[in-house]
file upload02.txt (compact mmCIF, C-alpha atoms)
# COMPACT_ATOMS: atom_id res chain seq x y z
CA MET A 1 95.09 -29.69 -27.00
CA ALA A 2 95.20 -29.01 -23.24
CA ARG A 3 94.12 -25.42 -23.91
CA LYS A 4 91.18 -26.65 -26.01
CA ARG A 5 90.05 -28.99 -23.22
CA THR A 6 90.28 -26.15 -20.72
CA LEU A 7 88.15 -23.91 -22.96
CA ILE A 8 85.49 -26.60 -23.39
CA PHE A 9 85.44 -27.22 -19.64
CA SER A 10 85.05 -23.50 -18.96
CA LEU A 11 82.16 -23.24 -21.43
CA LEU A 12 80.43 -26.23 -19.86
CA THR A 13 80.89 -24.75 -16.42
CA LEU A 14 79.45 -21.43 -17.61
CA ILE A 15 76.44 -23.15 -19.18
CA ILE A 16 75.84 -25.08 -15.97
CA LEU A 17 76.09 -21.91 -13.89
CA VAL A 18 73.74 -20.04 -16.23
CA GLY A 19 71.33 -22.97 -16.06
CA PHE A 20 71.42 -22.99 -12.29
CA SER A 21 70.98 -19.22 -12.24
CA THR A 22 68.07 -19.27 -14.70
CA GLY A 23 66.46 -22.19 -12.90
CA GLY A 24 66.85 -20.40 -9.60
CA TYR A 25 65.33 -17.23 -11.03
CA LEU A 26 62.39 -19.07 -12.56
CA GLY A 27 61.93 -21.01 -9.35
CA TYR A 28 61.94 -17.78 -7.38
CA LYS A 29 59.38 -16.25 -9.77
CA ALA A 30 57.17 -19.33 -9.46
CA TRP A 31 57.46 -19.12 -5.67
CA GLN A 32 56.47 -15.44 -5.78
CA GLU A 33 53.49 -16.27 -8.00
CA LYS A 34 52.37 -19.02 -5.61
CA GLN A 35 52.79 -16.72 -2.64
CA PHE A 36 50.66 -14.07 -4.33
CA LEU A 37 47.88 -16.54 -5.13
CA THR A 38 47.80 -18.27 -1.74
CA THR A 39 48.73 -15.56 0.76
CA PRO A 40 46.25 -12.80 1.63
CA PRO A 41 47.56 -9.25 2.10
CA GLU A 42 46.81 -9.37 5.83
CA THR A 43 46.10 -11.96 8.50
CA PRO A 44 43.68 -11.46 10.14
CA GLY A 45 41.95 -9.37 7.51
CA LEU A 46 39.90 -6.21 7.75
CA ASP A 47 36.55 -5.52 6.07
CA ILE A 48 36.74 -2.75 3.50
CA ILE A 49 33.91 -1.14 1.53
CA PHE A 50 35.21 -0.88 -2.03
CA ARG A 51 33.41 0.99 -4.81
CA ILE A 52 33.73 0.45 -8.57
CA GLU A 53 32.31 3.21 -10.71
CA PRO A 54 30.46 2.49 -13.96
CA GLY A 55 32.87 2.41 -16.91
CA GLN A 56 36.01 2.09 -14.78
CA ILE A 57 38.77 0.20 -16.61
CA PHE A 58 40.40 -2.88 -15.09
CA THR A 59 43.81 -1.19 -14.74
CA THR A 60 42.26 1.52 -12.55
CA ILE A 61 40.31 -1.04 -10.53
CA SER A 62 43.50 -3.05 -9.88
CA ALA A 63 45.38 0.06 -8.79
CA ASN A 64 42.56 1.04 -6.44
CA LEU A 65 42.51 -2.47 -4.97
CA LYS A 66 46.23 -2.21 -4.19
CA THR A 67 45.77 1.26 -2.66
CA ALA A 68 43.01 -0.16 -0.45
CA GLY A 69 45.34 -2.98 0.67
CA LEU A 70 43.24 -5.70 -0.97
CA VAL A 71 45.95 -6.97 -3.34
CA THR A 72 49.73 -6.78 -3.11
CA ASN A 73 50.58 -6.76 -6.81
CA THR A 74 48.45 -5.15 -9.53
CA HIS A 75 50.30 -6.85 -12.41
CA ARG A 76 49.77 -10.33 -10.97
CA PHE A 77 46.10 -9.59 -10.21
CA ARG A 78 45.53 -8.47 -13.80
CA LYS A 79 47.35 -11.58 -15.01
CA LEU A 80 45.11 -13.76 -12.81
CA ALA A 81 41.93 -12.12 -14.12
CA SER A 82 43.13 -12.39 -17.72
CA SER A 83 43.99 -16.09 -17.38
CA LYS A 84 40.44 -16.76 -16.16
CA GLY A 85 38.82 -14.53 -18.78
CA LYS A 86 37.32 -12.26 -16.15
CA THR A 87 38.81 -8.85 -16.88
CA ALA A 88 35.54 -7.70 -18.46
CA LEU A 89 33.26 -9.34 -15.88
CA ILE A 90 33.89 -7.08 -12.92
CA ARG A 91 30.71 -5.17 -12.10
CA ALA A 92 30.19 -1.60 -11.03
CA GLY A 93 28.86 -1.21 -7.52
CA GLU A 94 29.79 -1.21 -3.88
CA PHE A 95 31.38 -4.34 -2.39
CA LYS A 96 32.22 -5.49 1.11
CA LEU A 97 35.69 -7.04 0.73
CA ASN A 98 38.35 -8.23 3.17
CA THR A 99 42.13 -7.84 3.23
CA GLY A 100 42.32 -11.42 4.52
CA TRP A 101 41.06 -12.83 1.21
CA THR A 102 43.28 -14.43 -1.41
CA PRO A 103 43.28 -12.81 -4.88
CA GLY A 104 41.19 -15.70 -6.26
CA ARG A 105 38.43 -15.18 -3.74
CA LEU A 106 38.57 -11.42 -4.27
CA LEU A 107 38.22 -11.86 -8.04
CA HIS A 108 35.31 -14.27 -7.58
CA GLU A 109 33.47 -11.77 -5.37
CA LEU A 110 33.97 -8.91 -7.81
CA THR A 111 32.79 -10.92 -10.81
CA SER A 112 29.96 -13.04 -9.40
CA SER A 113 28.29 -11.05 -6.64
CA THR A 114 25.93 -8.10 -6.94
CA GLY A 115 27.77 -6.36 -4.15
CA ILE A 116 26.07 -4.33 -1.46
CA MET A 117 22.49 -3.62 -2.50
CA LYS A 118 19.72 -1.59 -0.93
CA ARG A 119 16.20 -3.00 -1.05
CA VAL A 120 13.52 -0.45 -1.94
CA SER A 121 9.95 -1.77 -2.02
CA ILE A 122 7.42 0.25 -4.00
CA ARG A 123 3.95 -1.24 -3.57
CA GLU A 124 1.05 -0.93 -5.99
CA GLY A 125 -1.15 2.15 -5.81
CA LEU A 126 1.38 4.76 -4.68
CA THR A 127 1.36 8.26 -6.11
CA TRP A 128 4.58 9.77 -7.39
CA TRP A 129 4.98 11.88 -4.24
CA GLN A 130 4.54 8.83 -2.01
CA THR A 131 7.15 7.03 -4.09
CA ALA A 132 9.49 10.03 -3.82
CA ALA A 133 9.17 9.90 -0.02
CA LEU A 134 10.15 6.20 0.01
CA ILE A 135 13.17 6.86 -2.22
CA GLN A 136 14.35 9.59 0.13
CA GLN A 137 13.68 7.40 3.17
CA ALA A 138 15.85 4.66 1.62
CA GLY A 139 18.68 7.16 1.15
CA MET A 140 18.70 6.74 -2.63
CA GLY A 141 17.80 10.31 -3.54
CA THR A 142 15.92 13.38 -2.39
CA GLN A 143 12.22 14.06 -2.93
CA ASP A 144 13.15 17.25 -4.77
CA GLN A 145 15.46 15.48 -7.23
CA PHE A 146 12.99 12.63 -7.73
CA THR A 147 10.26 15.18 -8.53
CA LYS A 148 12.54 16.73 -11.14
CA ALA A 149 13.47 13.34 -12.57
CA ILE A 150 9.90 12.19 -13.22
CA ALA A 151 9.27 15.37 -15.20
CA ASP A 152 12.64 15.46 -16.97
CA PRO A 153 11.90 15.94 -20.71
CA ALA A 154 14.94 13.84 -21.66
CA ILE A 155 13.68 10.86 -19.64
CA LEU A 156 10.10 11.24 -20.88
CA ASP A 157 11.34 11.41 -24.49
CA GLU A 158 13.58 8.40 -23.94
CA PHE A 159 10.55 6.27 -23.04
CA ASP A 160 8.10 8.08 -25.33
CA ILE A 161 5.91 9.18 -22.43
CA GLN A 162 3.80 11.99 -23.86
CA ALA A 163 2.72 13.43 -20.53
CA SER A 164 3.95 16.11 -18.14
CA ASN A 165 5.46 13.52 -15.81
CA ALA A 166 5.87 9.77 -15.36
CA GLU A 167 2.96 9.25 -12.97
CA GLY A 168 1.44 5.81 -13.56
CA TYR A 169 4.63 4.43 -15.11
CA LEU A 170 6.78 4.15 -11.95
CA PHE A 171 6.25 0.43 -11.79
CA PRO A 172 5.63 -1.07 -8.32
CA GLU A 173 8.32 -3.61 -7.53
CA THR A 174 10.99 -4.45 -4.96
CA TYR A 175 14.17 -2.96 -6.36
CA LEU A 176 17.71 -3.94 -5.38
CA LEU A 177 19.86 -0.89 -5.99
CA THR A 178 23.51 -0.01 -5.52
CA PRO A 179 23.94 2.55 -2.72
CA PRO A 180 24.58 5.88 -4.43
CA ARG A 181 27.62 8.08 -4.11
CA ASN A 182 25.40 10.94 -5.22
CA ASP A 183 21.66 11.40 -5.75
CA GLN A 184 20.41 8.52 -7.90
CA SER A 185 16.88 9.79 -8.59
CA HIS A 186 17.28 9.93 -12.37
CA THR A 187 18.76 6.42 -12.47
CA ILE A 188 15.97 5.06 -10.27
CA VAL A 189 13.24 6.64 -12.40
CA ARG A 190 14.78 5.10 -15.53
CA THR A 191 14.94 1.71 -13.77
CA MET A 192 11.26 1.93 -12.81
CA LEU A 193 10.22 2.95 -16.33
CA LYS A 194 12.16 0.06 -17.84
CA GLU A 195 10.33 -2.26 -15.45
CA PHE A 196 6.98 -0.81 -16.51
CA PHE A 197 7.59 -1.42 -20.21
CA LYS A 198 8.96 -4.90 -19.52
CA ASN A 199 5.64 -5.73 -17.84
CA ALA A 200 3.62 -3.85 -20.46
CA ASN A 201 4.90 -6.38 -23.00
CA LYS A 202 3.07 -9.05 -20.99
CA VAL A 203 -0.16 -7.06 -21.28
CA TRP A 204 0.34 -6.43 -25.01
CA PRO A 205 2.44 -9.43 -26.16
CA ARG A 206 1.93 -8.55 -29.84
CA GLY A 207 3.36 -5.08 -29.40
CA LEU A 208 2.50 -1.93 -27.48
CA PRO A 209 -0.44 0.14 -28.74
CA GLN A 210 -0.26 3.78 -29.79
CA TRP A 211 0.26 6.33 -27.02
CA HIS A 212 -3.39 7.34 -26.54
CA GLU A 213 -4.56 3.75 -26.09
CA LEU A 214 -1.64 2.91 -23.81
CA HIS A 215 -2.14 5.99 -21.63
CA THR A 216 -5.89 5.43 -21.40
CA ALA A 217 -5.27 1.89 -20.19
CA VAL A 218 -2.79 3.11 -17.56
CA ILE A 219 -5.28 5.73 -16.31
CA LEU A 220 -8.03 3.13 -16.02
CA ALA A 221 -5.66 0.64 -14.37
CA SER A 222 -4.71 3.28 -11.78
CA LEU A 223 -8.40 3.67 -10.85
CA VAL A 224 -8.81 -0.09 -10.57
CA GLU A 225 -5.69 -0.28 -8.39
CA LYS A 226 -7.07 2.34 -6.02
CA GLU A 227 -10.54 0.83 -5.81
CA THR A 228 -9.69 -2.72 -4.77
CA GLY A 229 -6.91 -4.88 -3.45
CA ILE A 230 -8.75 -8.13 -4.21
CA PRO A 231 -7.35 -9.73 -7.39
CA GLU A 232 -10.60 -11.37 -8.50
CA GLU A 233 -12.45 -8.03 -8.36
CA ARG A 234 -10.12 -6.05 -10.59
CA ALA A 235 -11.53 -7.12 -13.97
CA ARG A 236 -15.09 -6.66 -12.68
CA ILE A 237 -14.39 -3.13 -11.45
CA ALA A 238 -12.69 -2.32 -14.76
CA GLY A 239 -15.88 -3.55 -16.44
CA VAL A 240 -17.97 -1.15 -14.34
CA PHE A 241 -15.85 1.79 -15.47
CA HIS A 242 -16.05 0.66 -19.11
CA ASN A 243 -19.85 0.41 -18.84
CA ARG A 244 -20.21 3.85 -17.26
CA ILE A 245 -18.01 5.47 -19.90
CA LYS A 246 -20.00 3.82 -22.71
CA LYS A 247 -23.25 5.16 -21.23
CA ARG A 248 -21.65 8.61 -20.75
CA MET A 249 -22.18 8.33 -17.01
CA LEU A 250 -19.91 10.13 -14.59
CA ILE A 251 -17.33 7.74 -13.13
CA GLN A 252 -17.67 9.27 -9.64
CA ALA A 253 -14.69 7.63 -7.98
CA ASP A 254 -13.42 9.11 -4.71
CA PRO A 255 -9.73 8.29 -5.35
CA THR A 256 -9.69 10.65 -8.34
CA ILE A 257 -10.81 13.57 -6.16
CA ILE A 258 -8.22 12.67 -3.54
CA TYR A 259 -5.43 12.60 -6.13
CA GLY A 260 -6.46 16.02 -7.45
CA LEU A 261 -6.26 17.44 -3.94
CA GLY A 262 -2.61 16.37 -3.79
CA PRO A 263 -0.31 15.63 -0.83
CA SER A 264 -2.15 18.12 1.39
CA PHE A 265 -5.37 16.05 1.49
CA ASP A 266 -6.35 15.46 5.14
CA GLY A 267 -8.31 12.22 4.58
CA ASN A 268 -11.80 13.75 4.74
CA ILE A 269 -13.80 14.22 1.51
CA THR A 270 -16.34 17.02 1.91
CA LYS A 271 -19.35 18.11 -0.14
CA SER A 272 -17.33 21.04 -1.45
CA HIS A 273 -14.74 18.57 -2.75
CA LEU A 274 -17.46 16.67 -4.62
CA LEU A 275 -18.72 19.89 -6.25
CA ASP A 276 -15.31 21.40 -7.00
CA ARG A 277 -15.04 21.97 -10.76
CA GLU A 278 -11.55 23.44 -10.35
CA ASN A 279 -10.21 19.98 -9.58
CA PRO A 280 -9.56 18.43 -13.01
CA TYR A 281 -9.47 14.98 -11.38
CA ASN A 282 -12.97 15.33 -9.90
CA THR A 283 -14.89 12.59 -11.72
CA TYR A 284 -18.09 13.65 -9.92
CA VAL A 285 -18.31 16.75 -12.13
CA HIS A 286 -16.01 15.99 -15.10
CA ARG A 287 -17.14 13.29 -17.52
CA GLY A 288 -14.86 10.43 -18.59
CA LEU A 289 -11.50 9.36 -17.20
CA PRO A 290 -9.34 11.83 -15.26
CA PRO A 291 -6.61 13.64 -17.25
CA GLY A 292 -3.88 11.28 -16.06
CA PRO A 293 -3.10 8.25 -13.87
CA ILE A 294 -3.75 8.68 -10.16
CA CYS A 295 -1.12 6.15 -9.00
CA SER A 296 1.20 3.48 -10.31
CA PRO A 297 -0.83 0.33 -11.06
CA GLY A 298 0.57 -3.18 -10.89
CA LEU A 299 0.49 -5.83 -13.59
CA GLU A 300 -2.85 -7.33 -12.48
CA SER A 301 -4.62 -3.96 -12.67
CA LEU A 302 -3.13 -3.29 -16.11
CA MET A 303 -4.38 -6.68 -17.27
CA ALA A 304 -7.84 -5.91 -15.86
CA ALA A 305 -7.98 -2.53 -17.58
CA VAL A 306 -7.13 -4.06 -20.96
CA HIS A 307 -9.23 -7.21 -20.45
CA PRO A 308 -12.24 -6.09 -18.37
CA GLU A 309 -14.99 -8.47 -17.34
CA HIS A 310 -18.05 -8.20 -19.60
CA HIS A 311 -21.19 -7.66 -17.52
CA ASP A 312 -24.05 -5.21 -16.92
CA PHE A 313 -22.91 -3.81 -13.56
CA LEU A 314 -22.87 -0.01 -13.24
CA TYR A 315 -22.27 0.46 -9.52
CA PHE A 316 -20.25 -0.99 -6.67
CA VAL A 317 -20.00 -0.26 -2.97
CA ALA A 318 -17.57 -1.46 -0.29
CA LYS A 319 -19.14 -4.19 1.88
CA GLY A 320 -16.91 -3.70 4.90
CA ASP A 321 -14.90 -6.90 4.56
CA GLY A 322 -12.53 -5.64 1.88
CA ALA A 323 -14.77 -6.73 -0.99
CA HIS A 324 -17.52 -4.91 -2.92
CA HIS A 325 -21.16 -5.41 -3.79
CA PHE A 326 -21.92 -4.86 -7.48
CA SER A 327 -25.27 -3.61 -8.78
CA LYS A 328 -26.89 -3.25 -12.20
CA THR A 329 -29.49 -0.65 -11.24
CA LEU A 330 -29.56 2.48 -9.15
CA LYS A 331 -32.34 1.03 -6.99
CA GLU A 332 -30.29 -2.05 -6.16
CA HIS A 333 -27.23 0.12 -5.51
CA ASN A 334 -29.09 2.39 -3.08
CA ILE A 335 -30.23 -0.66 -1.11
CA ALA A 336 -26.62 -1.88 -0.98
CA VAL A 337 -25.39 1.56 0.14
CA ARG A 338 -27.94 1.56 2.95
CA LYS A 339 -26.94 -1.94 4.01
CA TYR A 340 -23.19 -1.69 3.76
CA GLN A 341 -22.54 2.00 4.39
CA LEU A 342 -25.33 3.73 6.28
CA GLU A 343 -26.12 0.82 8.59
CA ARG A 344 -22.59 -0.51 8.87
CA ASN A 345 -20.98 -1.70 12.08
CA ARG A 346 -18.24 0.91 12.53
CA LYS A 347 -16.24 -1.38 14.85
CA THR A 348 -15.89 -4.21 12.34
CA TYR A 349 -16.13 -2.28 9.06
CA ARG A 350 -13.11 -2.65 6.84
CA SER A 351 -12.77 -1.44 3.31
CA GLN A 352 -9.65 -1.36 1.21
CA PRO A 353 -10.05 1.14 -0.21
CA ALA A 354 -12.95 2.76 1.65
CA SER A 355 -14.56 4.28 -1.42
CA SER A 356 -17.45 3.49 -3.70
CA THR A 357 -18.86 4.40 -7.06
CA THR A 358 -22.14 6.16 -6.43
CA PRO A 359 -24.81 7.66 -8.72

call {"tool": "encode", "arguments": {"input": "upload02.txt", "output": "structure tokens"}}
result
Amino acid sequence: MARKRTLIFSLLTLIILVGFSTGGYLGYKAWQEKQFLTTPPETPGLDIIFRIEPGQIFTTISANLKTAGLVTNTHRFRKLASSKGKTALIRAGEFKLNTGWTPGRLLHELTSSTGIMKRVSIREGLTWWQTAALIQQAGMGTQDQFTKAIADPAILDEFDIQASNAEGYLFPETYLLTPPRNDQSHTIVRTMLKEFFKNANKVWPRGLPQWHELHTAVILASLVEKETGIPEERARIAGVFHNRIKKRMLIQADPTIIYGLGPSFDGNITKSHLLDRENPYNTYVHRGLPPGPICSPGLESLMAAVHPEHHDFLYFVAKGDGAHHFSKTLKEHNIAVRKYQLERNRKTYRSQPASSTTP
């Protein structure tokens, strides 16, 4: 009986010891977990630029965070992200992080912020080579690679652009882009083309037209974009071009000649330029629209090209204050040219753009 009591006592003692041991272990684990969640890797912390590549799995990201000194335990960080349902929400990009942040703050930054972004502003009316120069200036790619990207058959096929390059479709916008590890020209061109077609759906809300109609509208919109920066004039200028085409008149727009001369144009249009039949963009000698867009038009110019103002104007000339005078007859136009161009005050004259449609 005494032996039985001793055995029971020993078993109870063992159970108590195991309980204390297990409780101590669990308590220690809970303490470790709390320490991980509330204690940053370093105090004070250091700023670190951390990059996540597209398609990188969470396990690799966690390991890279630990290597960079941003977390102390990859398993616990993965557990934290999983418990909050954020393992699939981490974005690719470049992030400015700090070793003095807790894991919770680090996870929040990686899943809610856009990271470090570069702002690249492409205004309306730029040619592809002017756009390429801005991309290179922003450090997002080289002019050479951008030139190749806009003529890449794979990209053109992807967006069903049936032209030799993407001129006219590099939509003007302010883009926020992730700083590249390598040249990002192809990615940027795709981004700009996506933006174009997103806006094209506003112009044609019932569905995009066939290629020929779409491309014709973009060409006309590029002329409108180059001829005026005043919103209320765009539809009227588009109407002038529509009227001249209907009457089989030459369009005679200076910006088309300038585009055909390319990046080497020195800013001075000469008589030989006006008579040059070798320039396919010379609308002073070639009837109809030029063979392609002469810049990237914005949404307002696209709208104007598709919905021109209906009127009888056939001519317009820059007035010197940024706006234009519109005429229905050649006689009226010649009077306006004399008033606004030949007798202009060169000190106060301002025209944006400084071009006119002449007979």

call {"tool": "atom_distance", "arguments": {"input": "upload02.txt", "atom1": "CA of Tyr340 in chain A", "atom2": "CA of Ile237 in chain A"}}
result
17.6 Å

call {"tool": "atom_distance", "arguments": {"input": "upload02.txt", "atom1": "CA of Gln184 in chain A", "atom2": "CA of Leu46 in chain A"}}
result
29.0 Å

call {"tool": "closest_residue", "arguments": {"input": "upload02.txt", "among": "A:Gly115, A:Pro40, A:Pro291, A:Pro205", "to": "Glu94 in chain A", "atoms": "only C-alpha atoms"}}
result
A:Gly115

call {"tool": "atom_distance", "arguments": {"input": "upload02.txt", "atom1": "CA of Glu42 in chain A", "atom2": "CA of Thr99 in chain A"}}
result
5.6 Å

call {"tool": "residues_around", "arguments": {"input": "upload02.txt", "residues": "Glu173 in chain A", "least_positions_apart": "2", "cutoff": "10 Å", "atoms": "all atoms listed in the file", "output": "list of chain:residue names"}}
result
A:Val120, A:Ser121, A:Ile122, A:Arg123, A:Glu124, A:Leu170, A:Phe171, A:Tyr175, A:Leu176, A:Met192, A:Glu195, A:Phe196, A:Gly298

call {"tool": "write_last_selection", "arguments": {"input": "upload02.txt", "atoms": "C-alpha atoms", "output": "PDB file, keeping the file's coordinate frame"}}
result
ATOM      1  CA  VAL A 120      13.520  -0.450  -1.940  1.00  0.00           C
ATOM      2  CA  SER A 121       9.950  -1.770  -2.020  1.00  0.00           C
ATOM      3  CA  ILE A 122       7.420   0.250  -4.000  1.00  0.00           C
ATOM      4  CA  ARG A 123       3.950  -1.240  -3.570  1.00  0.00           C
ATOM      5  CA  GLU A 124       1.050  -0.930  -5.990  1.00  0.00           C
ATOM      6  CA  LEU A 170       6.780   4.150 -11.950  1.00  0.00           C
ATOM      7  CA  PHE A 171       6.250   0.430 -11.790  1.00  0.00           C
ATOM      8  CA  TYR A 175      14.170  -2.960  -6.360  1.00  0.00           C
ATOM      9  CA  LEU A 176      17.710  -3.940  -5.380  1.00  0.00           C
ATOM     10  CA  MET A 192      11.260   1.930 -12.810  1.00  0.00           C
ATOM     11  CA  GLU A 195      10.330  -2.260 -15.450  1.00  0.00           C
ATOM     12  CA  PHE A 196       6.980  -0.810 -16.510  1.00  0.00           C
ATOM     13  CA  GLY A 298       0.570  -3.180 -10.890  1.00  0.00           C
TER      14      GLY A 298
END

call {"tool": "residues_near_point", "arguments": {"input": "upload02.txt", "point": "(16.2, 11.7, -5.8)", "cutoff": "6 Å", "atoms": "only C-alpha atoms", "output": "list in words"}}
result
Gly141, Thr142, Gln143, Gln145, Phe146, Asp183, Gln184 and Ser185 of chain A

call {"tool": "residues_around", "arguments": {"input": "upload02.txt", "residues": "Thr283 in chain A", "least_positions_apart": "4", "cutoff": "7 Å", "atoms": "only C-alpha atoms", "output": "PyMOL selection string"}}
result
chain A and resi 250-253+256-257+287+290

call {"tool": "write_last_selection", "arguments": {"input": "upload02.txt", "atoms": "C-alpha atoms", "output": "compact mmCIF listing (two decimals), in the frame of the given file"}}
result
# COMPACT_ATOMS: atom_id res chain seq x y z
CA LEU A 250 -19.91 10.13 -14.59
CA ILE A 251 -17.33 7.74 -13.13
CA GLN A 252 -17.67 9.27 -9.64
CA ALA A 253 -14.69 7.63 -7.98
CA THR A 256 -9.69 10.65 -8.34
CA ILE A 257 -10.81 13.57 -6.16
CA ARG A 287 -17.14 13.29 -17.52
CA PRO A 290 -9.34 11.83 -15.26

call {"tool": "closest_residue", "arguments": {"input": "upload02.txt", "among": "A:Thr87, A:Lys34, A:Phe77, A:Glu213", "to": "Ile57 in chain A", "atoms": "all atoms listed in the file"}}
result
A:Thr87

call {"tool": "residues_around", "arguments": {"input": "upload02.txt", "residues": "Glu233 in chain A", "least_positions_apart": "3", "cutoff": "10 Å", "atoms": "all atoms listed in the file", "output": "JSON, numbers by chain"}}
result
{"A": [224, 227, 228, 229, 230, 236, 237, 238, 239, 301, 304, 309, 323, 324]}
